[in-house]
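A.B. asks: What follows is a single structure, and I will ask about it in a moment.
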Amino acid sequence: MFRSMLLASIALAAATPALAETQAIIVGNLISDAATGPTGPAVILVENGRIKEIAKGTTNPFQADSVVDLSTKTLVPGFIDLHVHLTGDPGGDFRDEAVDPDEWGVVMGVKNAALTVKAGFTTVREAGSAQNTAFVLRRGTAEGKIVGPRIVAAGPALSIVGGHGDVTGFRKDVLAALETGYTCTGPVECAEKVRKASRLGADVIKITATGGVLSQQGRGLEAHFTDAEMKSIADTAHSLGLKVMAHAHGARGIEAAAAAGIDTIDHGTFADEAALKVMKAKGTVLVPTLMALEGVRARIGKGIYTPTVEVKARQALEAAGRQVTRAKAMGVTVAFGTDAGVFEHGSNGSEFALLVKAGLTPAEALASATTVAAKTLGMENEIGRIAVGYSADLVAVSENPLTNITTLEKPSWVMVRGRIVP
Ligand SMILES: [Zn+2]
C-alpha cells in the first residue's frame, strides 16, 4: 500500500510542472457556483495549479508574481463535457476506419483537445476511442505537453458482437482485422472485459447499451446487452471503483441499463416515463448530448450517411430534446455532455442554449456543466466550483450567463490547472 502510494506521489510530482509562481486574477463579476449566481468583483490567487485564496472587491490584496486583469469580465468555473470523442472529426466515410491507423487518432486528438479547452471545457470525459489513444492524450494534457482539458478516459467501449461499439459493414476478413477486443457475450465474459479495460487504464467503463445512430449496425436503436450482462458490467466496474457510462437511445434499453445499476445514460433519446422512473429511483444521471443530433441534422439527406444510418438518424431526430424536458419534470439529474466529434470540436458550448430551450433554467444549464457534472465524475471536491483548494479551472466570459446563456459559447480567457490557455 505504502509503496503504491509512494509511486503515485512520484508520478504526480513528475506530472506537475513547476507552477510555483503565484497569479492574481482580477475579475469584474464572480460566479463561484452556478447555484449561488454572481457575487460581484473579486480577486483569485492561484498557486501550484490550485485556487489558494479568494478576496471580494476590486482591490488586489495579494503579492502575486503575475496579475491577470479580467475586470470587465464574468468569471465562471471551467466547464465539464461528459461525452466527447477527441480522436475523430464528424462526417467522413465509414470505410476510413479500415484505412486510418490508430495513431492518426492521436493527431486528431491533439488538435481537438486544444479546440475543446479554448471553448472553456477544462475537463472532458472521453467516451470511447481506440486502444490507447485517449490514454496518451490524457497524459499529454496532464503533463502540459499538449494544450487541452483534463481527460477522464474510457478507452474502448464494451459492446455486443455486431453492436454499436463493434465494427460492422465490412467483409468478414476486414472485420477480423478491426476487432476491438472489447465485445462480450454473457455475464462472465463481460466482467472480464471490464477488468481488461481497467487494467489498460480506463477511468470509466463505456458500454453501448443499445443500437447507435452512426454505426453501420442495422438492428435499430433498442437494447443490445441482456439484463444479466449489464448487471455484471455494473457490479464488476463498481467493485473496481469505476463508474459506467452507457450509450443508450431506445426506452427499454435505457430502463434496463438503469435497473442494472449503470451510472449515466448518455443520449437517452427515447427515454419515456417508465425509463425515467427507474432512472429516478436508481439515481441514474442523464447526459443528453443534444448537440449530437444537431450534427446529424446538418448532414442527413446529403449522401454522407449510408441508408442504414439514414433510417436511424431520422428516428432519433424526430425525438430530439424531449428527454430533457421529461427528465426535468420527473426529477432526474441532467448532466452536461455533447458527443463532440459527431459535430465540430470546439462548438461544445452550443449545448447550453439547447438545454435552456429544452426547459432548464440558465443556472441549471451552467450547473449541469460544472457542479452536477463534477459530482457525476465523483470529482466534486476538485472541479466544478471556484473555491479554495480546487483546481484552477477558470473561464472568463463577456456577460452574465444567467441573463444571456449564449455568452458561454465564446469565452474570452481560459485557465486549466493553473495554466493560461494560449
Ligand atoms: Zn458518443
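Here's how to read the names in the C-alpha cells: chain A, B, ... by the order shown, residue numbers from 1 in each chain, ligand numbers from 1 in the order shown.
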Please provide as a count of residues only all residues within 6 Å of region 211-218 of chain A, with the sequence filter that same-chain residues fewer than 5 positions apart are discarded (counting only C-alpha atoms).
C.D. replies: 7
A.B. asks: As a quick test: using only C-alpha atoms and all ligand atoms, which residues lie no more than 7 Å away from ligand 1? Give them as a ChimeraX atom specification.
C.D. replies: /A:83-85,127,247,339
A.B. asks: How about saving the chosen residues, N, CA and C atoms kept, as an mmCIF file, in the first residue's frame?
C.D. replies:
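Result written to again-v3.cif:
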```
data_model
loop_
_atom_site.group_PDB
_atom_site.id
_atom_site.type_symbol
_atom_site.label_atom_id
_atom_site.label_comp_id
_atom_site.auth_asym_id
_atom_site.auth_seq_id
_atom_site.Cartn_x
_atom_site.Cartn_y
_atom_site.Cartn_z
ATOM 1 N N HIS A 83 -19.226 13.868 -22.444
ATOM 2 C CA HIS A 83 -19.282 12.935 -23.583
ATOM 3 C C HIS A 83 -18.636 13.564 -24.816
ATOM 4 N N VAL A 84 -17.370 13.251 -25.008
ATOM 5 C CA VAL A 84 -16.682 13.718 -26.219
ATOM 6 C C VAL A 84 -15.902 12.559 -26.850
ATOM 7 N N HIS A 85 -15.590 12.722 -28.130
ATOM 8 C CA HIS A 85 -14.716 11.777 -28.838
ATOM 9 C C HIS A 85 -13.615 12.597 -29.479
ATOM 10 N N ALA A 127 -15.386 9.405 -24.378
ATOM 11 C CA ALA A 127 -16.442 8.390 -24.353
ATOM 12 C C ALA A 127 -16.218 7.218 -25.292
ATOM 13 N N HIS A 247 -24.007 4.413 -23.505
ATOM 14 C CA HIS A 247 -24.662 4.950 -24.697
ATOM 15 C C HIS A 247 -26.013 4.235 -24.771
ATOM 16 N N ASP A 339 -21.229 14.862 -27.121
ATOM 17 C CA ASP A 339 -20.862 13.954 -28.217
ATOM 18 C C ASP A 339 -20.030 14.667 -29.285
#
```
A.B. asks: Which of these residues is nearest to Phe170 (chain A), using only C-alpha atoms: A:Arg138, A:Arg95, A:Arg417, A:Arg150?
C.D. replies: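 Counting only C-alpha atoms, the residue closest to Phe170 (chain A) is A:Arg95.
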A.B. asks: Given only C-alpha atoms as the basis, pick out the residue of A:Gln23, A:Ser71, A:Thr306, A:Ser198 nearest to Gln131 (chain A).
C.D. replies: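 Closest residue, counting only C-alpha atoms: A:Ser198.
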A.B. asks: Give me, as an MDAnalysis selection string, the residues of region 222-402 of chain A that a backbone DSSP run labels strand (DSSP E).
C.D. replies: chainID A and resid 243:248 264:267 285:287 394:397
A.B. asks: So the first atom is CA of Leu178 (chain A) and the second is CA of Arg139 (chain A); what is the distance between them in Å, to one decimal place?
C.D. replies: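 We find that CA of Leu178 (chain A) and CA of Arg139 (chain A) lie 25.3 Å from each other.
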A.B. asks: Tell me, as a PDB file with N, CA, C and O atoms, in the first residue's frame, which residues lie within 6 Å of region 110-116 of chain A, counting only C-alpha atoms; anything in the same chain fewer than 6 positions away does not count.
C.D. replies:
```
ATOM      1  N   LEU A  86     -12.544  12.823 -28.714  1.00  0.00           N
ATOM      2  CA  LEU A  86     -11.485  13.723 -29.171  1.00  0.00           C
ATOM      3  C   LEU A  86     -10.746  13.209 -30.396  1.00  0.00           C
ATOM      4  O   LEU A  86     -10.182  13.987 -31.156  1.00  0.00           O
ATOM      5  N   VAL A 147      -1.773  21.237 -25.314  1.00  0.00           N
ATOM      6  CA  VAL A 147      -2.824  22.100 -24.775  1.00  0.00           C
ATOM      7  C   VAL A 147      -4.145  21.345 -24.820  1.00  0.00           C
ATOM      8  O   VAL A 147      -4.529  20.829 -25.878  1.00  0.00           O
ATOM      9  N   GLY A 148      -4.799  21.259 -23.684  1.00  0.00           N
ATOM     10  CA  GLY A 148      -6.086  20.558 -23.689  1.00  0.00           C
ATOM     11  C   GLY A 148      -6.667  20.431 -22.304  1.00  0.00           C
ATOM     12  O   GLY A 148      -6.045  20.828 -21.318  1.00  0.00           O
ATOM     13  N   HIS A 345     -15.578  19.791 -33.017  1.00  0.00           N
ATOM     14  CA  HIS A 345     -14.988  20.071 -31.707  1.00  0.00           C
ATOM     15  C   HIS A 345     -14.824  21.576 -31.532  1.00  0.00           C
ATOM     16  O   HIS A 345     -14.473  22.285 -32.477  1.00  0.00           O
ATOM     17  N   GLY A 346     -15.081  22.041 -30.320  1.00  0.00           N
ATOM     18  CA  GLY A 346     -14.965  23.473 -30.036  1.00  0.00           C
ATOM     19  C   GLY A 346     -16.321  24.171 -30.043  1.00  0.00           C
ATOM     20  O   GLY A 346     -16.437  25.286 -29.563  1.00  0.00           O
TER      21      GLY A 346
END
```
A.B. asks: Give me, as a list in words, all polymer residues having an atom no more than 8 Å from Thr284 (chain A), counting only C-alpha atoms and skipping those fewer than 3 positions away in the same chain.
C.D. replies: Ala258, Gly261, Ile262, Asp263, Thr264, Ile265, Met279, Lys280, Ala281, Val332 and Thr333 of chain A
A.B. asks: Write the residues you've just listed into a file as a short mmCIF file (atom, residue, chain, number, x, y, z; two decimals), in the first residue's frame, and include N, CA, C and O atoms for each of them.
C.D. replies:
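Okay, this is what ended up in selection27.cif:
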```cif
data_model
loop_
_atom_site.label_atom_id
_atom_site.label_comp_id
_atom_site.auth_asym_id
_atom_site.auth_seq_id
_atom_site.Cartn_x
_atom_site.Cartn_y
_atom_site.Cartn_z
N ALA A 258 -30.50 1.32 -16.55
CA ALA A 258 -30.66 1.97 -15.24
C ALA A 258 -30.94 0.93 -14.16
O ALA A 258 -30.35 0.97 -13.08
N GLY A 261 -27.96 -0.84 -12.81
CA GLY A 261 -27.02 -0.09 -11.98
C GLY A 261 -26.01 0.74 -12.74
O GLY A 261 -25.03 1.23 -12.16
N ILE A 262 -26.23 0.91 -14.06
CA ILE A 262 -25.36 1.78 -14.87
C ILE A 262 -25.48 3.22 -14.32
O ILE A 262 -26.56 3.64 -13.93
N ASP A 263 -24.37 3.96 -14.30
CA ASP A 263 -24.37 5.27 -13.62
C ASP A 263 -24.90 6.43 -14.46
O ASP A 263 -25.59 7.29 -13.93
N THR A 264 -24.53 6.46 -15.75
CA THR A 264 -25.08 7.54 -16.59
C THR A 264 -25.65 6.96 -17.88
O THR A 264 -25.09 6.02 -18.45
N ILE A 265 -26.76 7.54 -18.30
CA ILE A 265 -27.37 7.21 -19.59
C ILE A 265 -27.03 8.36 -20.51
O ILE A 265 -27.46 9.50 -20.31
N MET A 279 -34.70 5.44 -13.68
CA MET A 279 -33.52 6.30 -13.51
C MET A 279 -33.62 7.11 -12.23
O MET A 279 -32.65 7.22 -11.47
N LYS A 280 -34.80 7.68 -11.99
CA LYS A 280 -35.01 8.48 -10.78
C LYS A 280 -34.80 7.61 -9.53
O LYS A 280 -34.08 8.00 -8.60
N ALA A 281 -35.38 6.42 -9.55
CA ALA A 281 -35.29 5.51 -8.39
C ALA A 281 -33.85 5.07 -8.13
O ALA A 281 -33.43 4.92 -6.98
N VAL A 332 -35.16 13.75 -12.63
CA VAL A 332 -33.93 13.01 -12.97
C VAL A 332 -32.81 14.02 -13.19
O VAL A 332 -33.00 15.04 -13.87
N THR A 333 -31.63 13.76 -12.62
CA THR A 333 -30.49 14.66 -12.77
C THR A 333 -30.03 14.71 -14.22
O THR A 333 -29.84 13.66 -14.84
#
```
A.B. asks: I'd like the interatomic distance between CA of Asp272 (chain A) and CA of Arg297 (chain A), to a tenth of an Å.
C.D. replies: 22.3 Å
A.B. asks: I need the residues of region 338-407 of chain A that end up classed as alpha helix (DSSP H) by DSSP on the backbone, written out as a ChimeraX atom specification.
C.D. replies: /A:350-357,362-368,371-377
A.B. asks: Generate a file of the selected residues that holds N, CA, C and O atoms, formatted as an mmCIF file, in the first residue's frame.
C.D. replies:
```cif
data_model
loop_
_atom_site.group_PDB
_atom_site.id
_atom_site.type_symbol
_atom_site.label_atom_id
_atom_site.label_comp_id
_atom_site.auth_asym_id
_atom_site.auth_seq_id
_atom_site.Cartn_x
_atom_site.Cartn_y
_atom_site.Cartn_z
ATOM 1 N N SER A 350 -22.462 25.279 -27.476
ATOM 2 C CA SER A 350 -23.809 25.482 -28.027
ATOM 3 C C SER A 350 -24.845 24.595 -27.348
ATOM 4 O O SER A 350 -26.051 24.820 -27.479
ATOM 5 N N GLU A 351 -24.368 23.571 -26.632
ATOM 6 C CA GLU A 351 -25.288 22.695 -25.884
ATOM 7 C C GLU A 351 -26.049 23.480 -24.805
ATOM 8 O O GLU A 351 -27.200 23.160 -24.493
ATOM 9 N N PHE A 352 -25.414 24.509 -24.241
ATOM 10 C CA PHE A 352 -26.058 25.272 -23.152
ATOM 11 C C PHE A 352 -27.415 25.813 -23.591
ATOM 12 O O PHE A 352 -28.423 25.637 -22.907
ATOM 13 N N ALA A 353 -27.429 26.486 -24.756
ATOM 14 C CA ALA A 353 -28.680 27.095 -25.230
ATOM 15 C C ALA A 353 -29.717 26.021 -25.552
ATOM 16 O O ALA A 353 -30.923 26.226 -25.344
ATOM 17 N N LEU A 354 -29.256 24.866 -26.045
ATOM 18 C CA LEU A 354 -30.196 23.781 -26.348
ATOM 19 C C LEU A 354 -30.833 23.244 -25.066
ATOM 20 O O LEU A 354 -32.020 22.903 -25.042
ATOM 21 N N LEU A 355 -30.050 23.183 -24.003
ATOM 22 C CA LEU A 355 -30.591 22.718 -22.712
ATOM 23 C C LEU A 355 -31.634 23.704 -22.185
ATOM 24 O O LEU A 355 -32.669 23.303 -21.641
ATOM 25 N N VAL A 356 -31.337 24.995 -22.365
ATOM 26 C CA VAL A 356 -32.292 26.025 -21.910
ATOM 27 C C VAL A 356 -33.572 25.948 -22.750
ATOM 28 O O VAL A 356 -34.685 26.008 -22.228
ATOM 29 N N LYS A 357 -33.397 25.748 -24.052
ATOM 30 C CA LYS A 357 -34.555 25.609 -24.946
ATOM 31 C C LYS A 357 -35.410 24.396 -24.536
ATOM 32 O O LYS A 357 -36.636 24.402 -24.647
ATOM 33 N N PRO A 362 -31.100 28.924 -17.080
ATOM 34 C CA PRO A 362 -29.676 29.141 -17.338
ATOM 35 C C PRO A 362 -28.789 28.675 -16.171
ATOM 36 O O PRO A 362 -27.724 28.101 -16.399
ATOM 37 N N ALA A 363 -29.235 28.883 -14.937
ATOM 38 C CA ALA A 363 -28.440 28.431 -13.779
ATOM 39 C C ALA A 363 -28.344 26.900 -13.756
ATOM 40 O O ALA A 363 -27.285 26.346 -13.455
ATOM 41 N N GLU A 364 -29.433 26.229 -14.091
ATOM 42 C CA GLU A 364 -29.404 24.753 -14.138
ATOM 43 C C GLU A 364 -28.494 24.264 -15.255
ATOM 44 O O GLU A 364 -27.777 23.263 -15.096
ATOM 45 N N ALA A 365 -28.520 24.963 -16.395
ATOM 46 C CA ALA A 365 -27.662 24.568 -17.513
ATOM 47 C C ALA A 365 -26.187 24.731 -17.128
ATOM 48 O O ALA A 365 -25.368 23.839 -17.384
ATOM 49 N N LEU A 366 -25.849 25.874 -16.484
ATOM 50 C CA LEU A 366 -24.462 26.089 -16.053
ATOM 51 C C LEU A 366 -24.066 25.058 -14.986
ATOM 52 O O LEU A 366 -22.970 24.498 -15.033
ATOM 53 N N ALA A 367 -24.976 24.778 -14.065
ATOM 54 C CA ALA A 367 -24.699 23.757 -13.031
ATOM 55 C C ALA A 367 -24.474 22.390 -13.668
ATOM 56 O O ALA A 367 -23.602 21.628 -13.237
ATOM 57 N N SER A 368 -25.232 22.083 -14.714
ATOM 58 C CA SER A 368 -25.110 20.763 -15.359
ATOM 59 C C SER A 368 -23.689 20.544 -15.871
ATOM 60 O O SER A 368 -23.204 19.413 -15.889
ATOM 61 N N THR A 371 -21.013 21.975 -11.314
ATOM 62 C CA THR A 371 -21.188 21.203 -10.067
ATOM 63 C C THR A 371 -21.801 19.821 -10.306
ATOM 64 O O THR A 371 -21.362 18.828 -9.736
ATOM 65 N N VAL A 372 -22.822 19.763 -11.178
ATOM 66 C CA VAL A 372 -23.521 18.483 -11.398
ATOM 67 C C VAL A 372 -22.611 17.492 -12.127
ATOM 68 O O VAL A 372 -22.516 16.311 -11.750
ATOM 69 N N ALA A 373 -21.919 17.972 -13.169
ATOM 70 C CA ALA A 373 -21.012 17.090 -13.915
ATOM 71 C C ALA A 373 -19.852 16.639 -13.032
ATOM 72 O O ALA A 373 -19.412 15.478 -13.110
ATOM 73 N N ALA A 374 -19.350 17.543 -12.179
ATOM 74 C CA ALA A 374 -18.246 17.179 -11.273
ATOM 75 C C ALA A 374 -18.685 16.043 -10.340
ATOM 76 O O ALA A 374 -17.951 15.074 -10.132
ATOM 77 N N LYS A 375 -19.892 16.164 -9.817
ATOM 78 C CA LYS A 375 -20.423 15.132 -8.913
ATOM 79 C C LYS A 375 -20.613 13.814 -9.658
ATOM 80 O O LYS A 375 -20.327 12.734 -9.142
ATOM 81 N N THR A 376 -21.051 13.912 -10.911
ATOM 82 C CA THR A 376 -21.250 12.709 -11.730
ATOM 83 C C THR A 376 -19.925 11.964 -11.913
ATOM 84 O O THR A 376 -19.896 10.734 -11.955
ATOM 85 N N LEU A 377 -18.825 12.719 -11.989
ATOM 86 C CA LEU A 377 -17.496 12.111 -12.125
ATOM 87 C C LEU A 377 -16.919 11.669 -10.775
ATOM 88 O O LEU A 377 -15.864 11.035 -10.732
#
```
A.B. asks: Quick one, how far is CA of Ala392 (chain A) from CA of Gly418 (chain A)?
C.D. replies: 4.9 Å
A.B. asks: What are the nearest atom pairs, with distances in Å to one decimal, for all residues of region 332-409 of chain A that come at most 10 Å from region 72-81 of chain A, using only C-alpha atoms, set out by chain and rising residue number as JSON lines?
C.D. replies:
```
{"residue": "A:Ala335", "atom": "CA", "partner": "A:Asp81", "partner_atom": "CA", "distance": 8.6}
{"residue": "A:Phe336", "atom": "CA", "partner": "A:Asp81", "partner_atom": "CA", "distance": 5.7}
{"residue": "A:Gly337", "atom": "CA", "partner": "A:Asp81", "partner_atom": "CA", "distance": 4.7}
{"residue": "A:Thr338", "atom": "CA", "partner": "A:Asp81", "partner_atom": "CA", "distance": 6.6}
{"residue": "A:Asp339", "atom": "CA", "partner": "A:Asp81", "partner_atom": "CA", "distance": 8.6}
{"residue": "A:Ala340", "atom": "CA", "partner": "A:Asp81", "partner_atom": "CA", "distance": 8.9}
{"residue": "A:Asn348", "atom": "CA", "partner": "A:Asp81", "partner_atom": "CA", "distance": 7.7}
{"residue": "A:Gly349", "atom": "CA", "partner": "A:Phe79", "partner_atom": "CA", "distance": 8.8}
{"residue": "A:Glu351", "atom": "CA", "partner": "A:Asp81", "partner_atom": "CA", "distance": 9.8}
{"residue": "A:Leu366", "atom": "CA", "partner": "A:Phe79", "partner_atom": "CA", "distance": 8.2}
{"residue": "A:Ala367", "atom": "CA", "partner": "A:Phe79", "partner_atom": "CA", "distance": 9.2}
{"residue": "A:Ser368", "atom": "CA", "partner": "A:Ile80", "partner_atom": "CA", "distance": 8.5}
{"residue": "A:Ala369", "atom": "CA", "partner": "A:Ile80", "partner_atom": "CA", "distance": 5.0}
{"residue": "A:Thr370", "atom": "CA", "partner": "A:Phe79", "partner_atom": "CA", "distance": 5.6}
{"residue": "A:Thr371", "atom": "CA", "partner": "A:Pro77", "partner_atom": "CA", "distance": 8.9}
{"residue": "A:Val372", "atom": "CA", "partner": "A:Ile80", "partner_atom": "CA", "distance": 9.3}
{"residue": "A:Ala373", "atom": "CA", "partner": "A:Ile80", "partner_atom": "CA", "distance": 6.2}
{"residue": "A:Ala374", "atom": "CA", "partner": "A:Ile80", "partner_atom": "CA", "distance": 7.3}
{"residue": "A:Leu377", "atom": "CA", "partner": "A:Ile80", "partner_atom": "CA", "distance": 9.7}
{"residue": "A:Ile383", "atom": "CA", "partner": "A:Gly78", "partner_atom": "CA", "distance": 7.9}
{"residue": "A:Gly384", "atom": "CA", "partner": "A:Pro77", "partner_atom": "CA", "distance": 5.8}
{"residue": "A:Arg385", "atom": "CA", "partner": "A:Pro77", "partner_atom": "CA", "distance": 5.3}
{"residue": "A:Ile386", "atom": "CA", "partner": "A:Pro77", "partner_atom": "CA", "distance": 5.6}
{"residue": "A:Ala387", "atom": "CA", "partner": "A:Pro77", "partner_atom": "CA", "distance": 9.3}
{"residue": "A:Ser391", "atom": "CA", "partner": "A:Gly78", "partner_atom": "CA", "distance": 9.5}
{"residue": "A:Ala392", "atom": "CA", "partner": "A:Gly78", "partner_atom": "CA", "distance": 8.4}
{"residue": "A:Asp393", "atom": "CA", "partner": "A:Gly78", "partner_atom": "CA", "distance": 4.8}
{"residue": "A:Leu394", "atom": "CA", "partner": "A:Gly78", "partner_atom": "CA", "distance": 4.7}
{"residue": "A:Val395", "atom": "CA", "partner": "A:Val76", "partner_atom": "CA", "distance": 5.3}
{"residue": "A:Ala396", "atom": "CA", "partner": "A:Leu75", "partner_atom": "CA", "distance": 4.5}
{"residue": "A:Val397", "atom": "CA", "partner": "A:Thr74", "partner_atom": "CA", "distance": 5.3}
{"residue": "A:Ser398", "atom": "CA", "partner": "A:Lys73", "partner_atom": "CA", "distance": 5.2}
{"residue": "A:Glu399", "atom": "CA", "partner": "A:Thr74", "partner_atom": "CA", "distance": 6.2}
{"residue": "A:Asn400", "atom": "CA", "partner": "A:Thr74", "partner_atom": "CA", "distance": 6.2}
{"residue": "A:Pro401", "atom": "CA", "partner": "A:Thr74", "partner_atom": "CA", "distance": 8.4}
{"residue": "A:Thr407", "atom": "CA", "partner": "A:Thr74", "partner_atom": "CA", "distance": 9.9}
{"residue": "A:Leu408", "atom": "CA", "partner": "A:Val76", "partner_atom": "CA", "distance": 9.3}
```
A.B. asks: List as a PyMOL selection string the protein and nucleic acid residues near region 159-162 of chain A, meaning an atom at most 9 Å away when only C-alpha atoms are counted, but skip any in the same chain fewer than 4 places from it.
C.D. replies: chain A and resi 166-168+182-185+206-210+217+224-225
A.B. asks: Using the selection just defined, write its residues with C-alpha atoms as a compact mmCIF listing (two decimals), in the first residue's frame.
C.D. replies:
```txt
# COMPACT_ATOMS: atom_id res chain seq x y z
CA ASP A 166 -18.24 -3.14 -32.55
CA VAL A 167 -17.32 -2.72 -36.20
CA THR A 168 -19.90 -3.59 -38.88
CA TYR A 182 -13.99 -5.41 -26.24
CA THR A 183 -17.09 -7.24 -27.40
CA CYS A 184 -18.55 -9.70 -24.91
CA THR A 185 -21.25 -12.36 -24.63
CA LYS A 206 -18.19 2.87 -21.52
CA ILE A 207 -20.77 0.47 -22.91
CA THR A 208 -23.07 0.70 -25.90
CA ALA A 209 -26.27 -0.48 -24.21
CA THR A 210 -28.42 -0.04 -27.32
CA GLN A 217 -25.18 -1.96 -37.38
CA HIS A 224 -28.33 -4.81 -27.07
CA PHE A 225 -26.95 -6.38 -23.88
```
